[in-house]
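Engineer: My file is coords-v5.csv. It has CSV, C-alpha atoms:
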```csv
chain,number,residue,atom,x,y,z
A,1,MET,CA,-6.5,35.5,14.5
A,2,HIS,CA,-4.8,37.3,11.6
A,3,GLY,CA,-1.3,37.2,10.3
A,4,LEU,CA,0.8,39.5,8.1
A,5,ILE,CA,-0.4,37.8,5.0
A,6,THR,CA,-4.0,36.9,4.0
A,7,LEU,CA,-4.7,34.5,1.2
A,8,SER,CA,-7.7,32.8,-0.4
A,9,PHE,CA,-8.3,29.2,0.4
A,10,SER,CA,-6.7,28.2,-2.9
A,11,GLY,CA,-3.7,30.4,-2.0
A,12,TYR,CA,-3.2,28.6,1.3
A,13,LEU,CA,-3.6,25.3,-0.5
A,14,ILE,CA,-1.0,26.2,-3.1
A,15,TYR,CA,1.4,27.5,-0.5
A,16,THR,CA,1.0,24.3,1.5
A,17,LEU,CA,1.6,22.1,-1.5
A,18,VAL,CA,4.7,24.1,-2.5
A,19,VAL,CA,6.4,23.9,0.9
A,20,THR,CA,5.6,20.2,1.4
A,21,HIS,CA,6.9,19.5,-2.1
A,22,ILE,CA,10.2,21.2,-1.2
A,23,THR,CA,10.4,18.9,1.9
A,24,ILE,CA,9.8,15.9,-0.2
A,25,MET,CA,12.6,17.0,-2.6
A,26,ALA,CA,14.9,17.5,0.4
A,27,VAL,CA,14.2,13.9,1.5
A,28,THR,CA,14.6,12.2,-1.9
A,29,ILE,CA,17.5,14.3,-3.3
A,30,TYR,CA,19.5,15.0,-0.1
A,31,LEU,CA,18.7,12.3,2.4
A,32,HIS,CA,18.1,9.5,0.0
A,33,ARG,CA,20.0,9.8,-3.3
A,34,HIS,CA,22.9,11.9,-2.0
A,35,GLN,CA,23.5,10.9,1.7
A,36,SER,CA,22.2,7.3,1.8
A,37,HIS,CA,23.3,5.9,-1.6
A,38,ARG,CA,25.9,8.4,-2.9
A,39,ALA,CA,24.2,8.3,-6.3
A,40,ILE,CA,24.8,12.0,-6.7
A,41,GLU,CA,27.2,14.7,-5.3
A,42,LEU,CA,25.6,17.9,-4.0
A,43,GLY,CA,27.3,21.3,-3.8
A,44,SER,CA,27.6,23.0,-0.4
A,45,PHE,CA,24.7,25.4,-1.1
A,46,PRO,CA,22.0,22.8,-1.9
A,47,SER,CA,23.3,20.5,0.9
A,48,HIS,CA,23.1,23.2,3.5
A,49,PHE,CA,19.8,24.4,2.3
A,50,PHE,CA,18.2,21.0,2.4
A,51,ARG,CA,19.7,20.3,5.8
A,52,PHE,CA,18.3,23.5,7.2
A,53,TRP,CA,14.9,22.9,5.5
A,54,LEU,CA,14.6,19.4,6.9
A,55,TRP,CA,15.5,20.7,10.4
A,56,ILE,CA,12.9,23.4,10.4
A,57,THR,CA,10.1,21.4,8.7
A,58,THR,CA,10.6,17.9,10.1
A,59,GLY,CA,13.2,17.9,12.9
A,60,MET,CA,14.8,14.8,11.3
A,61,LYS,CA,18.5,14.2,11.8
A,62,THR,CA,20.5,13.2,8.7
A,63,LYS,CA,22.5,10.4,10.4
A,64,GLU,CA,19.3,8.8,11.9
A,65,TRP,CA,17.4,8.8,8.6
A,66,VAL,CA,20.4,7.5,6.6
A,67,ALA,CA,21.2,4.7,9.1
A,68,VAL,CA,17.6,3.5,9.2
A,69,HIS,CA,17.3,3.5,5.5
A,70,ARG,CA,20.6,1.7,4.9
A,71,CYS,CA,19.5,-0.9,7.5
A,72,HIS,CA,16.3,-1.3,5.6
A,73,HIS,CA,18.2,-2.2,2.4
A,74,ALA,CA,20.6,-4.5,4.3
A,75,ARG,CA,17.8,-6.4,6.0
A,76,VAL,CA,15.0,-5.8,3.6
A,77,ASP,CA,11.7,-7.6,4.4
A,78,THR,CA,13.2,-9.7,7.2
A,79,GLU,CA,12.5,-9.5,10.9
A,80,GLU,CA,15.5,-7.1,11.2
A,81,ASP,CA,14.0,-4.7,8.7
A,82,PRO,CA,13.1,-1.5,10.6
A,83,HIS,CA,9.9,-1.0,8.5
A,84,SER,CA,8.6,-3.8,6.5
A,85,PRO,CA,4.9,-4.5,6.0
A,86,VAL,CA,5.8,-8.1,5.3
A,87,THR,CA,6.9,-8.7,8.9
A,88,GLN,CA,5.1,-6.0,10.8
A,89,GLY,CA,1.8,-5.7,8.8
A,90,ILE,CA,0.6,-3.2,6.3
A,91,ASN,CA,-1.6,-1.3,8.8
A,92,THR,CA,1.3,-0.8,11.3
A,93,ILE,CA,3.6,0.6,8.6
A,94,LEU,CA,1.1,2.6,6.7
A,95,TRP,CA,-0.6,4.3,9.6
A,96,LYS,CA,2.0,4.1,12.4
A,97,GLY,CA,5.2,4.0,10.3
A,98,VAL,CA,6.9,6.7,12.3
A,99,ILE,CA,6.9,4.5,15.4
A,100,PRO,CA,9.1,1.7,14.1
A,101,TYR,CA,11.2,4.4,12.4
A,102,ARG,CA,11.8,6.2,15.8
A,103,LYS,CA,12.6,2.9,17.5
A,104,ALA,CA,15.2,2.1,14.9
A,105,ALA,CA,16.6,5.7,15.0
A,106,CYS,CA,17.2,5.3,18.7
A,107,ASN,CA,19.1,2.0,18.2
A,108,GLN,CA,22.8,2.9,18.7
A,109,GLU,CA,23.9,-0.3,16.9
A,110,ILE,CA,22.0,0.7,13.8
A,111,LEU,CA,23.4,4.3,13.9
A,112,THR,CA,27.0,3.1,14.3
A,113,LYS,CA,26.8,0.4,11.7
A,114,HIS,CA,24.8,2.2,9.0
A,115,GLY,CA,25.3,5.9,9.7
A,116,ALA,CA,28.8,6.4,8.5
A,117,GLY,CA,29.8,9.3,6.3
A,118,THR,CA,26.9,11.7,7.3
A,119,PRO,CA,27.6,15.3,8.2
A,120,ASN,CA,29.4,15.9,11.5
A,121,ASP,CA,30.3,19.5,11.4
A,122,TRP,CA,29.7,22.3,13.9
A,123,VAL,CA,26.2,23.1,12.7
A,124,GLU,CA,25.2,19.4,12.9
A,125,LYS,CA,26.6,18.9,16.4
A,126,ASN,CA,25.5,22.2,18.0
A,127,ILE,CA,22.2,23.0,16.2
A,128,TYR,CA,20.6,20.3,14.1
A,129,SER,CA,21.4,17.3,16.4
A,130,LYS,CA,21.4,19.1,19.7
A,131,PHE,CA,18.2,21.0,19.1
A,132,GLY,CA,16.3,18.6,16.9
A,133,GLN,CA,12.8,19.8,17.8
A,134,ILE,CA,13.5,23.5,18.0
A,135,GLY,CA,13.3,23.9,14.3
A,136,VAL,CA,9.7,22.8,14.0
A,137,ILE,CA,8.8,25.2,16.8
A,138,TYR,CA,10.3,28.0,14.9
A,139,LEU,CA,8.3,26.9,11.9
A,140,LEU,CA,5.1,27.0,13.9
A,141,ALA,CA,5.9,30.6,15.1
A,142,ILE,CA,6.8,31.7,11.5
A,143,ASN,CA,3.6,30.2,10.1
A,144,ILE,CA,1.4,31.9,12.7
A,145,ILE,CA,3.1,35.2,12.3
A,146,LEU,CA,2.7,35.1,8.5
A,147,PHE,CA,-0.8,33.6,8.2
A,148,GLY,CA,-2.4,33.6,11.7
A,149,LEU,CA,-4.7,30.7,12.4
A,150,PRO,CA,-4.4,29.2,8.9
A,151,GLY,CA,-0.7,29.0,9.6
A,152,LEU,CA,-1.4,26.5,12.4
A,153,PHE,CA,-3.2,24.2,10.0
A,154,ILE,CA,-0.5,24.5,7.4
A,155,TRP,CA,2.0,23.6,10.1
A,156,LEU,CA,0.0,20.5,11.1
A,157,VAL,CA,0.0,19.4,7.4
A,158,GLN,CA,3.8,19.9,7.3
A,159,MET,CA,4.3,17.8,10.4
A,160,THR,CA,2.2,14.9,9.1
A,161,TRP,CA,3.4,15.0,5.5
A,162,ILE,CA,6.7,13.1,5.8
A,163,PRO,CA,5.6,10.7,8.6
A,164,PHE,CA,2.7,9.6,6.4
A,165,PHE,CA,4.1,9.6,2.9
A,166,ALA,CA,7.7,8.7,3.7
A,167,ALA,CA,7.4,6.5,6.8
A,168,GLY,CA,4.0,5.1,5.9
A,169,VAL,CA,3.2,5.1,2.1
A,170,ILE,CA,6.7,4.4,0.7
A,171,ASN,CA,7.7,1.8,3.3
A,172,GLY,CA,4.2,0.3,3.5
A,173,ILE,CA,2.5,0.3,0.1
A,174,GLY,CA,5.9,0.2,-1.6
A,175,HIS,CA,6.4,-3.3,-0.2
A,176,TYR,CA,2.8,-4.5,-0.4
A,177,PHE,CA,0.9,-3.4,-3.5
A,178,GLY,CA,1.8,-2.4,-7.1
A,179,TYR,CA,3.7,-3.6,-10.1
A,180,ARG,CA,7.2,-4.9,-10.4
A,181,ASN,CA,9.7,-4.2,-13.2
A,182,TYR,CA,12.4,-6.4,-11.6
A,183,ASP,CA,12.5,-9.7,-9.8
A,184,THR,CA,14.4,-8.4,-6.8
A,185,GLY,CA,15.0,-10.5,-3.7
A,186,ASP,CA,12.4,-8.6,-1.7
A,187,HIS,CA,8.8,-7.5,-1.9
A,188,SER,CA,9.3,-4.0,-3.3
A,189,THR,CA,6.8,-2.6,-5.8
A,190,ASN,CA,6.2,0.5,-7.9
A,191,PHE,CA,2.9,1.6,-6.4
A,192,PHE,CA,2.4,4.5,-8.9
A,193,PRO,CA,4.2,5.2,-12.2
A,194,PHE,CA,4.1,9.0,-11.9
A,195,GLY,CA,6.6,10.1,-9.2
A,196,ILE,CA,5.3,13.6,-8.4
A,197,ILE,CA,3.7,13.6,-5.0
A,198,ILE,CA,6.6,11.7,-3.3
A,199,GLY,CA,9.3,12.9,-5.8
A,200,GLY,CA,9.8,9.7,-7.7
A,201,GLU,CA,9.9,7.5,-4.6
A,202,GLU,CA,6.7,5.9,-5.9
A,203,LEU,CA,9.0,3.8,-8.1
A,204,HIS,CA,10.2,1.8,-5.2
A,205,ASN,CA,10.9,-1.5,-7.0
A,206,ASN,CA,13.1,0.3,-9.5
A,207,HIS,CA,15.0,1.7,-6.6
A,208,HIS,CA,15.6,-1.6,-4.9
A,209,ALA,CA,16.7,-3.1,-8.2
A,210,PHE,CA,19.4,-0.4,-8.5
A,211,PRO,CA,19.8,1.3,-5.1
A,212,TYR,CA,22.8,3.4,-6.2
A,213,ALA,CA,21.1,4.9,-9.3
A,214,ALA,CA,20.2,8.6,-9.3
A,215,ASN,CA,17.3,8.0,-11.6
A,216,LEU,CA,14.2,6.0,-10.5
A,217,SER,CA,12.2,5.7,-13.7
A,218,ARG,CA,12.9,2.8,-16.1
A,219,ARG,CA,10.0,2.7,-18.5
A,220,TRP,CA,8.7,5.4,-21.0
A,221,PHE,CA,5.6,6.1,-19.0
A,222,GLU,CA,7.3,6.4,-15.6
A,223,LEU,CA,8.0,9.9,-14.3
A,224,ASP,CA,10.7,10.7,-11.6
A,225,VAL,CA,10.3,14.4,-10.9
A,226,GLY,CA,13.1,14.2,-8.3
A,227,TYR,CA,15.6,13.2,-11.0
A,228,LEU,CA,14.4,16.2,-13.2
A,229,TYR,CA,15.4,18.5,-10.3
A,230,ILE,CA,18.7,16.7,-10.0
A,231,GLN,CA,19.4,17.3,-13.7
A,232,MET,CA,18.5,21.0,-13.2
A,233,LEU,CA,21.0,21.2,-10.3
A,234,GLU,CA,23.7,19.5,-12.4
A,235,TYR,CA,23.1,21.9,-15.2
A,236,LEU,CA,23.5,24.8,-12.8
A,237,GLY,CA,26.8,23.2,-11.5
A,238,LEU,CA,25.3,22.5,-8.0
A,239,ALA,CA,25.2,18.7,-8.4
A,240,LYS,CA,26.9,15.8,-10.1
A,241,ILE,CA,25.2,12.6,-11.2
A,242,LYS,CA,27.5,9.7,-10.4
A,243,TYR,CA,25.5,6.7,-11.5
A,244,THR,CA,22.3,6.0,-13.4
A,245,ALA,CA,20.5,2.8,-14.3
A,246,GLU,CA,19.5,2.0,-17.9
A,247,ARG,CA,16.0,1.8,-19.2
A,248,LEU,CA,14.2,-1.5,-18.7
A,249,ASN,CA,14.5,-2.8,-22.3
A,250,THR,CA,18.0,-1.6,-23.0
A,251,PRO,CA,19.8,-4.3,-25.0
A,252,LEU,CA,22.3,-6.3,-23.0
A,253,PRO,CA,26.0,-5.8,-23.8
A,254,ILE,CA,27.2,-7.9,-26.7
A,255,SER,CA,30.1,-9.9,-25.6
A,256,ASN,CA,31.3,-13.5,-26.0
A,257,ARG,CA,32.1,-13.7,-22.3
A,258,TRP,CA,30.8,-11.8,-19.3
A,259,SER,CA,32.6,-11.2,-16.1
A,260,LEU,CA,31.0,-11.9,-12.8
A,261,GLN,CA,30.6,-8.2,-12.4
A,262,GLN,CA,28.4,-8.1,-15.5
A,263,LEU,CA,26.4,-11.1,-14.4
A,264,ASN,CA,25.7,-9.4,-11.1
A,265,GLN,CA,24.9,-6.1,-12.8
A,266,HIS,CA,22.4,-7.7,-15.2
A,267,LYS,CA,21.0,-10.5,-13.0
A,268,LEU,CA,17.5,-8.9,-12.8
A,269,GLN,CA,17.4,-8.6,-16.6
A,270,LEU,CA,18.4,-12.3,-16.9
A,271,LEU,CA,15.4,-13.2,-14.7
A,272,ARG,CA,13.1,-11.2,-16.9
A,273,ILE,CA,14.5,-12.9,-20.0
A,274,TYR,CA,13.8,-16.3,-18.4
A,275,ASP,CA,10.2,-15.3,-17.8
A,276,ASN,CA,9.8,-14.1,-21.4
A,277,SER,CA,11.7,-16.9,-23.1
A,278,VAL,CA,10.7,-19.8,-20.9
A,279,ASN,CA,7.7,-19.3,-18.6
A,280,LYS,CA,5.6,-17.3,-21.0
A,281,VAL,CA,6.4,-19.7,-23.9
A,282,ILE,CA,5.4,-22.7,-21.9
A,283,LEU,CA,2.2,-21.0,-20.6
A,284,LYS,CA,1.3,-19.8,-24.0
A,285,GLY,CA,0.9,-23.3,-25.2
A,286,GLN,CA,-1.4,-24.3,-22.3
A,287,ASN,CA,-4.9,-23.6,-21.5
A,288,THR,CA,-4.1,-21.9,-18.2
A,289,PRO,CA,-6.3,-19.3,-16.5
A,290,ASN,CA,-4.7,-15.8,-16.2
A,291,LYS,CA,-4.8,-16.0,-12.4
A,292,ILE,CA,-2.7,-19.2,-12.5
A,293,LYS,CA,-0.3,-17.6,-15.1
A,294,LYS,CA,0.3,-14.7,-12.8
A,295,LEU,CA,0.9,-17.1,-9.9
A,296,ILE,CA,3.5,-19.0,-11.9
A,297,LEU,CA,5.3,-15.8,-13.0
A,298,LYS,CA,5.3,-14.4,-9.5
A,299,SER,CA,8.6,-14.8,-7.6
A,300,TYR,CA,8.6,-17.8,-5.3
A,301,HIS,CA,9.7,-15.8,-2.3
A,302,ARG,CA,6.7,-13.5,-2.6
A,303,LEU,CA,4.1,-16.2,-2.5
A,304,SER,CA,1.7,-16.4,0.5
A,305,GLN,CA,1.0,-19.8,2.1
A,306,ASN,CA,-2.3,-20.0,0.2
A,307,GLU,CA,-0.6,-19.2,-3.1
A,308,LEU,CA,2.2,-21.7,-2.4
A,309,SER,CA,-0.5,-24.4,-1.8
A,310,LYS,CA,-2.2,-23.5,-5.1
A,311,LEU,CA,1.1,-23.6,-7.0
A,312,THR,CA,2.1,-26.9,-5.5
A,313,SER,CA,-1.3,-28.4,-6.5
A,314,ILE,CA,-1.0,-27.0,-10.0
A,315,CYS,CA,2.6,-28.3,-10.5
A,316,LYS,CA,1.7,-31.7,-9.1
A,317,ASP,CA,-0.5,-32.4,-12.2
A,318,ASN,CA,1.9,-30.7,-14.6
A,319,PRO,CA,5.5,-31.9,-14.4
A,320,GLN,CA,6.6,-29.4,-17.1
A,321,LEU,CA,5.3,-26.4,-15.1
A,322,GLU,CA,6.8,-27.8,-12.0
A,323,LYS,CA,10.2,-28.0,-13.6
A,324,ILE,CA,10.3,-24.4,-15.0
A,325,VAL,CA,9.1,-23.0,-11.6
A,326,GLU,CA,11.7,-25.1,-9.8
A,327,LEU,CA,14.5,-24.0,-12.2
A,328,LYS,CA,13.5,-20.3,-12.0
A,329,THR,CA,13.6,-20.4,-8.2
A,330,HIS,CA,17.0,-22.0,-8.3
A,331,LEU,CA,18.3,-19.4,-10.8
A,332,HIS,CA,16.9,-16.6,-8.7
A,333,ASP,CA,18.7,-18.1,-5.6
A,334,ILE,CA,22.0,-18.4,-7.5
A,335,LEU,CA,22.0,-14.9,-8.9
A,336,HIS,CA,20.9,-13.3,-5.6
A,337,ASN,CA,22.4,-15.4,-2.8
A,338,THR,CA,25.3,-17.5,-4.0
A,339,HIS,CA,28.8,-16.5,-2.9
A,340,VAL,CA,30.9,-15.1,-5.7
A,341,SER,CA,33.4,-17.9,-5.6
A,342,GLU,CA,30.6,-20.5,-6.3
A,343,LYS,CA,28.4,-18.5,-8.7
A,344,VAL,CA,30.0,-19.5,-12.1
A,345,ARG,CA,30.1,-23.2,-11.2
A,346,GLN,CA,26.5,-23.3,-9.9
A,347,LEU,CA,25.3,-21.4,-13.0
A,348,LEU,CA,27.0,-24.0,-15.3
A,349,ASP,CA,25.5,-26.8,-13.3
A,350,TRP,CA,22.1,-25.1,-13.6
A,351,CYS,CA,22.5,-24.9,-17.4
A,352,LYS,CA,23.4,-28.6,-17.5
A,353,THR,CA,20.2,-29.4,-15.6
A,354,CYS,CA,18.2,-27.3,-18.1
A,355,ARG,CA,19.5,-29.3,-21.0
A,356,GLU,CA,18.6,-32.6,-19.3
A,357,THR,CA,14.9,-31.5,-19.1
A,358,LYS,CA,14.7,-31.8,-23.0
A,359,ILE,CA,12.4,-28.8,-22.9
A,360,ASN,CA,13.3,-26.8,-26.0
A,361,CYS,CA,12.9,-23.2,-24.6
A,362,LEU,CA,14.9,-24.2,-21.5
A,363,ILE,CA,17.7,-25.6,-23.6
A,364,GLU,CA,17.8,-22.5,-25.8
A,365,PHE,CA,17.9,-20.2,-22.7
A,366,SER,CA,20.5,-22.2,-20.9
A,367,SER,CA,22.7,-22.4,-24.0
A,368,TRP,CA,22.5,-18.7,-24.4
A,369,LEU,CA,23.3,-18.1,-20.7
A,370,GLU,CA,26.2,-20.5,-20.8
A,371,SER,CA,27.7,-18.6,-23.7
A,372,LEU,CA,27.8,-15.5,-21.6
A,373,ILE,CA,29.5,-16.9,-18.6
A,374,GLY,CA,33.1,-15.8,-18.4
A,375,ASP,CA,36.0,-16.9,-16.2
A,376,LYS,CA,36.8,-13.6,-14.4
A,377,GLN,CA,36.3,-14.0,-10.7
A,378,HIS,CA,35.8,-10.4,-9.8
A,379,VAL,CA,32.6,-8.5,-9.0
```
Go ahead and render the structure in this file as structure tokens.
Structural biologist:
Amino acid sequence: MHGLITLSFSGYLIYTLVVTHITIMAVTIYLHRHQSHRAIELGSFPSHFFRFWLWITTGMKTKEWVAVHRCHHARVDTEEDPHSPVTQGINTILWKGVIPYRKAACNQEILTKHGAGTPNDWVEKNIYSKFGQIGVIYLLAINIILFGLPGLFIWLVQMTWIPFFAAGVINGIGHYFGYRNYDTGDHSTNFFPFGIIIGGEELHNNHHAFPYAANLSRRWFELDVGYLYIQMLEYLGLAKIKYTAERLNTPLPISNRWSLQQLNQHKLQLLRIYDNSVNKVILKGQNTPNKIKKLILKSYHRLSQNELSKLTSICKDNPQLEKIVELKTHLHDILHNTHVSEKVRQLLDWCKTCRETKINCLIEFSSWLESLIGDKQHV
């Protein structure tokens, strides 16, 4: 079965990689950074192009994708998270991730609560939403007309690319395996530092740390190809970057007093400083195996039951380690979960507790933190 165009095997492969890459860019730039988080503004031309491309290559509806993703952030790694390997298992999300996605996308409560602000024009109502699966049928016909039988295999790859990489890999591995730059209140990880195949979404922990940032890379070796395309679009006048996050080791602002807004903005950096100036200092002076050090530095909420048992056993024989782990867990809870009206008071109480330990590095850190706390009650 022959089509209008005959290519070599490498030609078909390159074509497939190009079209799937465009689909990934449509997801990360349009659905994710533009529609879900408003990190960028897109001009009408790229917006309509990405919407059409997603309709014909995936059949996905903007409102459904956005609503499910926003719900994921609002309920991350809890029982109400539409796609968390922590609650549903890594195999379920990695290999069958499209199933919980479709279930959540059909939940009218999720759509109503989290789908606000998505396109609702004539094209959306009468074509993209009304005939969601017609686009992928058109794509199949186009592929077969152009390439013949190879076009069918290209179409099958296109149909599985997003369900596997977006619904499976990002939501599965991105909350299960990898490294973390930030001590976020979830299990998100950066599972690969070079964001090429999935357009930068590989840097998932960075994204959960600053969801409204257009850029996903934070360290010199991390690559976010999606942001490079966004910069190109901005240069051409087709996009506007609204917010970016600073590099990981950017110095904190020098000020005698921080507002609650600044405390909230830099809470993840404060936790990193705690690890560097307290935990690592204490561990350096002790003959502790590396596995145990990693366990102590790991966020308390991310420990398995087995790890919790080990940590409890270790701390039982070392009151100093027990105290720094306890205080970090408390600090994490204050910065992430305490109501704004109580945050300053609880932080000051926490600093007082640190001084009472008579552990030098804790006293130094708490004194420095206390000097930053301001009296402005806005966030």
Engineer: One number please: atom CA of Thr184 of chain A to atom CA of His73 of chain A, in Å, one decimal.
Structural biologist: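 Interatomic distance here is 11.7 Å.
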Engineer: Calculated over all atoms listed in the file, which of the candidates A:Asp224, A:Gly178, A:Phe210, A:Thr353 has the smallest distance to Gly195 of chain A?
Structural biologist: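 When distances to Gly195 of chain A are compared using all atoms listed in the file, the smallest one comes from A:Asp224.
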Engineer: Got a sec: who's within 9 Å of Leu268 of chain A, counting only C-alpha atoms, leaving out chain neighbours fewer than 4 positions off, as a ChimeraX atom specification?
Structural biologist: /A:182-184,209,264,272-273,332,335
Engineer: For segment 124-141 of chain A, find every residue with an atom within 6 Å (counting only C-alpha atoms), except residues of its own chain fewer than 3 positions away, and show them as a JSON list (two decimals) with C-alpha atoms, keeping the file's coordinate frame.
Structural biologist:
```
[["chain", "number", "residue", "atom", "x", "y", "z"],
["A", 55, "TRP", "CA", 15.50, 20.70, 10.40],
["A", 56, "ILE", "CA", 12.90, 23.40, 10.40],
["A", 57, "THR", "CA", 10.10, 21.40, 8.70],
["A", 59, "GLY", "CA", 13.20, 17.90, 12.90],
["A", 120, "ASN", "CA", 29.40, 15.90, 11.50],
["A", 121, "ASP", "CA", 30.30, 19.50, 11.40],
["A", 144, "ILE", "CA", 1.40, 31.90, 12.70],
["A", 155, "TRP", "CA", 2.00, 23.60, 10.10]]
```
Engineer: Calculated over only C-alpha atoms, which of the candidates A:Asn107, A:Ser47, A:Thr28, A:Asn306 has the smallest distance to Leu238 of chain A?
Structural biologist: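 Closest to Leu238 of chain A of all the choices is A:Ser47.
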Engineer: Work out how far atom CA of Glu109 of chain A is from atom CA of Lys61 of chain A, in Å to one decimal.
Structural biologist: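 We find that atom CA of Lys61 of chain A and atom CA of Glu109 of chain A lie 16.3 Å from each other.
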